[in-house]
file work01.txt (compact mmCIF, C-alpha atoms)
# COMPACT_ATOMS: atom_id res chain seq x y z
CA MET U 1 0.00 0.00 0.00
CA THR U 2 1.51 3.35 -1.02
CA LYS U 3 1.27 6.48 1.10
CA GLU U 4 -1.04 8.05 -1.50
CA ASP U 5 -3.33 4.98 -1.41
CA ILE U 6 -3.81 5.46 2.34
CA ILE U 7 -5.02 9.04 1.94
CA GLN U 8 -7.39 7.89 -0.84
CA LYS U 9 -8.84 5.28 1.52
CA LEU U 10 -9.57 7.75 4.33
CA PRO U 11 -13.26 8.09 5.24
CA TYR U 12 -13.02 11.92 5.34
CA THR U 13 -13.38 14.62 2.72
CA LYS U 14 -13.23 18.40 2.58
CA PRO U 15 -13.94 20.38 4.69
CA PHE U 16 -13.00 17.78 7.29
CA LEU U 17 -9.93 16.17 5.78
CA PHE U 18 -6.81 17.27 7.65
CA VAL U 19 -4.09 15.23 5.93
CA ASP U 20 -2.16 16.40 2.84
CA GLU U 21 0.68 13.91 2.76
CA ILE U 22 2.32 11.03 4.56
CA MET U 23 6.11 11.30 4.57
CA GLU U 24 7.04 8.21 6.57
CA ILE U 25 5.20 5.07 7.65
CA ASP U 26 6.15 1.67 9.03
CA ASP U 27 4.79 -0.74 11.66
CA ASP U 28 5.92 1.49 14.53
CA HIS U 29 5.46 5.08 13.43
CA ILE U 30 3.92 7.55 11.00
CA LYS U 31 4.83 11.07 9.95
CA GLY U 32 2.32 13.21 8.07
CA ALA U 33 1.55 16.85 7.34
CA TYR U 34 -1.31 19.24 6.75
CA THR U 35 -1.40 22.91 5.78
CA PHE U 36 -4.38 24.78 7.19
CA LEU U 37 -6.03 26.82 4.44
CA GLN U 38 -6.56 30.55 4.88
CA ASP U 39 -10.32 30.02 4.57
CA GLU U 40 -11.06 26.89 6.65
CA TYR U 41 -14.75 27.04 7.65
CA PHE U 42 -14.10 27.24 11.39
CA TYR U 43 -11.99 30.41 11.24
CA GLU U 44 -15.18 32.36 10.66
CA GLY U 45 -16.27 31.73 14.25
CA HIS U 46 -13.06 30.82 16.13
CA PHE U 47 -12.48 33.53 17.20
CA LYS U 48 -14.42 36.72 16.34
CA ASN U 49 -12.08 38.69 14.03
CA ASN U 50 -9.15 36.60 15.32
CA PRO U 51 -8.79 33.31 13.43
CA VAL U 52 -6.96 30.57 15.40
CA THR U 53 -7.18 26.82 14.70
CA PRO U 54 -9.36 25.22 17.41
CA GLY U 55 -7.69 22.65 19.69
CA VAL U 56 -10.32 20.09 18.73
CA ILE U 57 -9.27 20.49 15.09
CA LEU U 58 -5.60 20.02 16.00
CA THR U 59 -6.62 16.90 17.91
CA GLU U 60 -8.62 15.76 14.87
CA CYS U 61 -5.63 16.34 12.59
CA MET U 62 -3.42 14.26 14.92
CA ALA U 63 -6.09 11.54 15.02
CA GLN U 64 -6.54 11.48 11.23
CA ILE U 65 -2.79 10.95 10.79
CA GLY U 66 -1.93 9.01 13.97
CA LEU U 67 -5.03 6.81 14.07
CA ALA U 68 -6.89 6.72 10.73
CA CYS U 69 -3.94 6.75 8.28
CA PHE U 70 -1.75 4.66 10.57
CA GLY U 71 -4.59 2.23 11.32
CA ILE U 72 -5.44 1.71 7.64
CA TYR U 73 -1.76 0.87 7.08
CA LEU U 74 -1.64 -1.50 10.06
CA LEU U 75 -4.82 -3.29 8.91
CA LYS U 76 -2.74 -4.41 5.91
CA GLY U 77 -5.34 -4.33 3.18
CA ALA U 78 -8.29 -5.46 5.31
CA TRP U 79 -9.64 -1.89 5.40
CA ASP U 80 -12.47 -1.13 3.00
CA GLN U 81 -14.39 2.15 3.21
CA GLY U 82 -17.60 0.44 2.21
CA ASP U 83 -17.56 -2.10 5.04
CA TRP U 84 -15.52 -0.44 7.76
CA SER U 85 -15.75 2.64 9.90
CA VAL U 86 -13.60 4.28 12.57
CA ALA U 87 -14.21 5.98 15.90
CA MET U 88 -11.91 7.93 18.16
CA THR U 89 -12.32 6.37 21.59
CA SER U 90 -10.14 8.58 23.78
CA ASN U 91 -7.69 11.42 23.69
CA GLU U 92 -5.56 13.36 26.11
CA VAL U 93 -3.75 16.30 24.55
CA ASN U 94 -1.79 19.30 25.80
CA PHE U 95 -1.40 22.40 23.63
CA TYR U 96 1.68 24.58 23.56
CA LYS U 97 1.44 27.02 20.62
CA PRO U 98 -1.40 28.49 18.54
CA VAL U 99 -1.76 27.49 14.87
CA PHE U 100 -2.88 30.30 12.56
CA PRO U 101 -4.47 30.20 9.08
CA GLY U 102 -2.00 29.09 6.40
CA GLU U 103 0.34 27.28 8.81
CA LYS U 104 1.76 23.87 7.96
CA VAL U 105 1.90 21.31 10.74
CA THR U 106 3.73 18.00 10.92
CA VAL U 107 2.36 15.13 13.00
CA ILE U 108 4.44 12.25 14.31
CA GLY U 109 2.64 9.22 15.71
CA GLU U 110 4.29 6.37 17.60
CA LYS U 111 2.35 3.17 18.17
CA VAL U 112 1.69 2.19 21.77
CA TYR U 113 -0.28 -0.87 20.69
CA PHE U 114 -2.48 -2.16 17.88
CA ARG U 115 -4.60 -5.06 19.09
CA PHE U 116 -8.08 -6.30 18.19
CA ASN U 117 -8.42 -3.37 15.75
CA LYS U 118 -7.80 -0.78 18.46
CA LEU U 119 -4.87 1.57 17.92
CA LYS U 120 -3.35 3.61 20.73
CA CYS U 121 -0.75 6.11 19.66
CA ASN U 122 1.51 8.78 21.19
CA VAL U 123 1.19 11.84 18.96
CA ALA U 124 3.06 15.12 18.66
CA MET U 125 2.45 18.07 16.34
CA TYR U 126 5.10 20.57 15.23
CA ASN U 127 4.82 23.82 13.29
CA SER U 128 7.00 24.79 10.30
CA GLU U 129 9.67 26.07 12.68
CA GLU U 130 9.72 22.60 14.28
CA VAL U 131 8.34 23.99 17.52
CA LEU U 132 6.05 21.68 19.50
CA VAL U 133 2.40 22.71 19.06
CA ALA U 134 0.54 19.84 20.72
CA LYS U 135 1.31 16.49 22.28
CA GLY U 136 -0.72 13.66 23.72
CA VAL U 137 -2.18 10.19 23.46
CA VAL U 138 -5.03 9.24 21.14
CA ALA U 139 -6.86 5.95 20.71
CA GLY U 140 -9.40 4.73 18.20
CA ILE U 141 -11.05 1.61 16.93
CA ALA U 142 -11.84 0.30 13.46
CA PHE U 143 -14.95 -1.83 13.10
CA LYS U 144 -17.17 -3.37 10.45
CA LYS U 145 -20.32 -1.30 9.91
CA MET Z 1 -4.93 -20.10 41.83
CA THR Z 2 -8.45 -20.59 43.17
CA ASN Z 3 -11.54 -19.40 41.34
CA LYS Z 4 -12.05 -16.81 44.07
CA GLU Z 5 -8.55 -15.40 43.66
CA LEU Z 6 -9.00 -15.25 39.92
CA LEU Z 7 -12.32 -13.43 40.26
CA SER Z 8 -10.75 -10.94 42.65
CA LYS Z 9 -7.88 -10.22 40.24
CA LEU Z 10 -10.32 -9.84 37.34
CA LYS Z 11 -12.43 -7.41 39.37
CA THR Z 12 -9.36 -5.26 40.08
CA ILE Z 13 -8.53 -5.20 36.36
CA ILE Z 14 -12.00 -4.19 35.16
CA THR Z 15 -12.72 -1.60 37.89
CA PRO Z 16 -11.08 1.43 36.16
CA TYR Z 17 -13.12 0.83 33.00
CA VAL Z 18 -16.53 0.29 34.61
CA GLN Z 19 -19.19 2.99 34.13
CA ASN Z 20 -21.96 1.25 36.07
CA GLN Z 21 -20.85 1.10 39.72
CA VAL Z 22 -23.99 -0.73 40.86
CA GLY Z 23 -23.14 -3.49 38.39
CA LEU Z 24 -19.65 -3.68 39.86
CA GLU Z 25 -20.96 -3.91 43.44
CA ASN Z 26 -23.26 -6.74 42.39
CA LEU Z 27 -20.60 -8.56 40.36
CA THR Z 28 -21.37 -12.24 39.75
CA GLU Z 29 -20.17 -14.84 37.27
CA ASP Z 30 -23.07 -13.88 35.00
CA THR Z 31 -22.13 -10.20 34.85
CA ASP Z 32 -21.85 -8.99 31.24
CA PHE Z 33 -19.07 -6.44 30.72
CA ILE Z 34 -20.96 -4.36 28.18
CA LYS Z 35 -24.59 -4.72 29.32
CA ASP Z 36 -24.12 -4.74 33.10
CA LEU Z 37 -20.92 -2.75 33.60
CA GLU Z 38 -21.20 -0.41 30.57
CA ILE Z 39 -17.57 -0.95 29.56
CA ASN Z 40 -17.19 0.23 25.95
CA SER Z 41 -15.63 -1.91 23.25
CA ALA Z 42 -12.43 0.16 23.21
CA ASN Z 43 -11.92 -0.33 26.94
CA LEU Z 44 -12.75 -4.01 26.57
CA VAL Z 45 -9.50 -4.21 24.57
CA ASP Z 46 -7.69 -2.60 27.52
CA VAL Z 47 -9.23 -5.17 29.87
CA ILE Z 48 -7.88 -7.97 27.64
CA LEU Z 49 -4.40 -6.39 27.50
CA ASP Z 50 -4.38 -5.99 31.30
CA VAL Z 51 -5.47 -9.63 31.69
CA GLU Z 52 -2.53 -10.67 29.46
CA ASP Z 53 -0.08 -8.72 31.64
CA GLU Z 54 -1.55 -9.82 34.96
CA PHE Z 55 -1.63 -13.55 34.14
CA ASP Z 56 1.26 -13.61 31.64
CA ILE Z 57 -0.88 -15.22 28.95
CA GLU Z 58 -1.68 -14.38 25.34
CA ILE Z 59 -5.27 -13.85 24.28
CA ASP Z 60 -5.99 -14.48 20.60
CA ASN Z 61 -8.93 -13.11 18.57
CA GLU Z 62 -11.04 -16.21 19.11
CA ALA Z 63 -10.61 -16.09 22.90
CA MET Z 64 -11.14 -12.33 22.97
CA GLU Z 65 -14.52 -12.64 21.27
CA LYS Z 66 -15.66 -15.04 24.02
CA MET Z 67 -14.65 -12.79 26.90
CA LEU Z 68 -17.87 -10.83 27.29
CA THR Z 69 -18.88 -12.05 30.74
CA VAL Z 70 -17.05 -12.74 33.99
CA LYS Z 71 -17.69 -16.46 33.67
CA ALA Z 72 -16.46 -16.70 30.07
CA SER Z 73 -13.37 -14.65 30.94
CA ILE Z 74 -12.48 -16.86 33.87
CA GLU Z 75 -12.85 -19.94 31.65
CA VAL Z 76 -10.54 -18.43 29.02
CA ILE Z 77 -7.96 -17.40 31.65
CA GLU Z 78 -8.04 -20.84 33.30
CA ASP Z 79 -7.69 -22.51 29.91
CA LYS Z 80 -4.69 -20.35 28.94
CA LEU Z 81 -3.07 -20.83 32.37
CA ALA Z 82 -3.45 -24.61 32.09
CA LYS Z 83 -1.67 -24.57 28.71
CA LYS Z 84 1.30 -22.56 29.98
call {"tool": "encode", "arguments": {"input": "work01.txt", "output": "structure tokens"}}
result
Amino acid sequence: MTKEDIIQKLPYTKPFLFVDEIMEIDDDHIKGAYTFLQDEYFYEGHFKNNPVTPGVILTECMAQIGLACFGIYLLKGAWDQGDWSVAMTSNEVNFYKPVFPGEKVTVIGEKVYFRFNKLKCNVAMYNSEEVLVAKGVVAGIAFKK
Amino acid sequence: MTNKELLSKLKTIITPYVQNQVGLENLTEDTDFIKDLEINSANLVDVILDVEDEFDIEIDNEAMEKMLTVKASIEVIEDKLAKK
């Protein structure tokens, strides 16, 4: 499975797809990136006249890379969008820096475990200056619909 | 290990994941993890992983699918312990 194939197989689309590319992937880790557009829909309301990427969206971005992309890879071809779905089951994240419109972020995920279709992953997000933006633990499960 | 000891260890393992405390207080062999204790399927995986660590056994997919009640879990654990 190529890195491009994984993004094609994701169950998300615009305006809720927060993965542009996967740079590295193996059985233990993943590295991916996303550039927030100037006109993402949530900047209109978060905040009034002061657009900042919401923490829940940063968490979502880390989950889409660290759980969904990584999980599809770890399922080794078993994943099929028609039959399968995903759910985030827990997250614990700390935030260190704001992410503004137009910023590129890089997410690194390291597998804690992948058992019985549940993936638990340590995730960290960095901005284009390689400064830590967010860090935490996310977990999710893949299941047949 | 007696059945009582095993049950006690299992109860310690599941406690952090239980949402229904009344179900935990009234724990019996027939207690269903999902229906009676309101453990979600993601935390059920954590229960299995904790069981593996506690008893130093390996739970495969087939055994995992059986482990939905206290009784079934004890049977799986006893079976795996006997094969060690």
call {"tool": "residues_near_point", "arguments": {"input": "work01.txt", "point": "(-12.5, 8.5, 7.3)", "cutoff": "8 Å", "atoms": "all atoms listed in the file", "output": "PyMOL selection string"}}
result
chain U and resi 9-13+64+68+81+85-86
call {"tool": "interface_residues", "arguments": {"input": "work01.txt", "of": "chain Z", "to": "chain U", "cutoff": "10 Å", "atoms": "all atoms listed in the file", "output": "list in words"}}
result
Asn40, Ser41, Ala42, Asn43, Leu44, Val45, Asp46, Ile48, Leu49, Asp60, Asn61, Met64 and Glu65 of chain Z
call {"tool": "write_last_selection", "arguments": {"input": "work01.txt", "atoms": "C-alpha atoms", "output": "tab-separated table (two decimals), in the frame of the given file"}}
result
chain	number	residue	atom	x	y	z
Z	40	ASN	CA	-17.19	0.23	25.95
Z	41	SER	CA	-15.63	-1.91	23.25
Z	42	ALA	CA	-12.43	0.16	23.21
Z	43	ASN	CA	-11.92	-0.33	26.94
Z	44	LEU	CA	-12.75	-4.01	26.57
Z	45	VAL	CA	-9.50	-4.21	24.57
Z	46	ASP	CA	-7.69	-2.60	27.52
Z	48	ILE	CA	-7.88	-7.97	27.64
Z	49	LEU	CA	-4.40	-6.39	27.50
Z	60	ASP	CA	-5.99	-14.48	20.60
Z	61	ASN	CA	-8.93	-13.11	18.57
Z	64	MET	CA	-11.14	-12.33	22.97
Z	65	GLU	CA	-14.52	-12.64	21.27
call {"tool": "atom_distance", "arguments": {"input": "work01.txt", "atom1": "atom CA of Gly71 of chain U", "atom2": "atom CA of Lys31 of chain U"}}
result
13.0 Å
call {"tool": "residues_around", "arguments": {"input": "work01.txt", "residues": "Lys80 of chain Z", "least_positions_apart": "4", "cutoff": "10 Å", "atoms": "only C-alpha atoms", "output": "list in words"}}
result
Glu52, Phe55, Asp56, Ile57, Glu58, Ile59, Ala63, Ile74, Glu75, Val76 and Lys84 of chain Z
call {"tool": "atom_distance", "arguments": {"input": "work01.txt", "atom1": "atom CA of Glu103 of chain U", "atom2": "atom CA of Cys121 of chain U"}}
result
23.8 Å
call {"tool": "closest_residue", "arguments": {"input": "work01.txt", "among": "U:Ile30, U:Ile6, U:Leu132, U:Ile57", "to": "Lys97 of chain U", "atoms": "only C-alpha atoms"}}
result
U:Leu132
call {"tool": "closest_residue", "arguments": {"input": "work01.txt", "among": "U:Glu60, U:Glu21, U:Asp26, U:Asp83", "to": "Val123 of chain U", "atoms": "only C-alpha atoms"}}
result
U:Glu60
call {"tool": "closest_residue", "arguments": {"input": "work01.txt", "among": "Z:Ile77, Z:Leu68, Z:Ala82, Z:Val47", "to": "Phe33 of chain Z", "atoms": "all atoms listed in the file"}}
result
Z:Leu68
call {"tool": "closest_residue", "arguments": {"input": "work01.txt", "among": "Z:Glu54, Z:Glu25, Z:Asp32, Z:Glu5", "to": "Met67 of chain Z", "atoms": "all atoms listed in the file"}}
result
Z:Asp32
call {"tool": "atom_distance", "arguments": {"input": "work01.txt", "atom1": "atom CA of Phe143 of chain U", "atom2": "atom CA of Trp84 of chain U"}}
result
5.5 Å
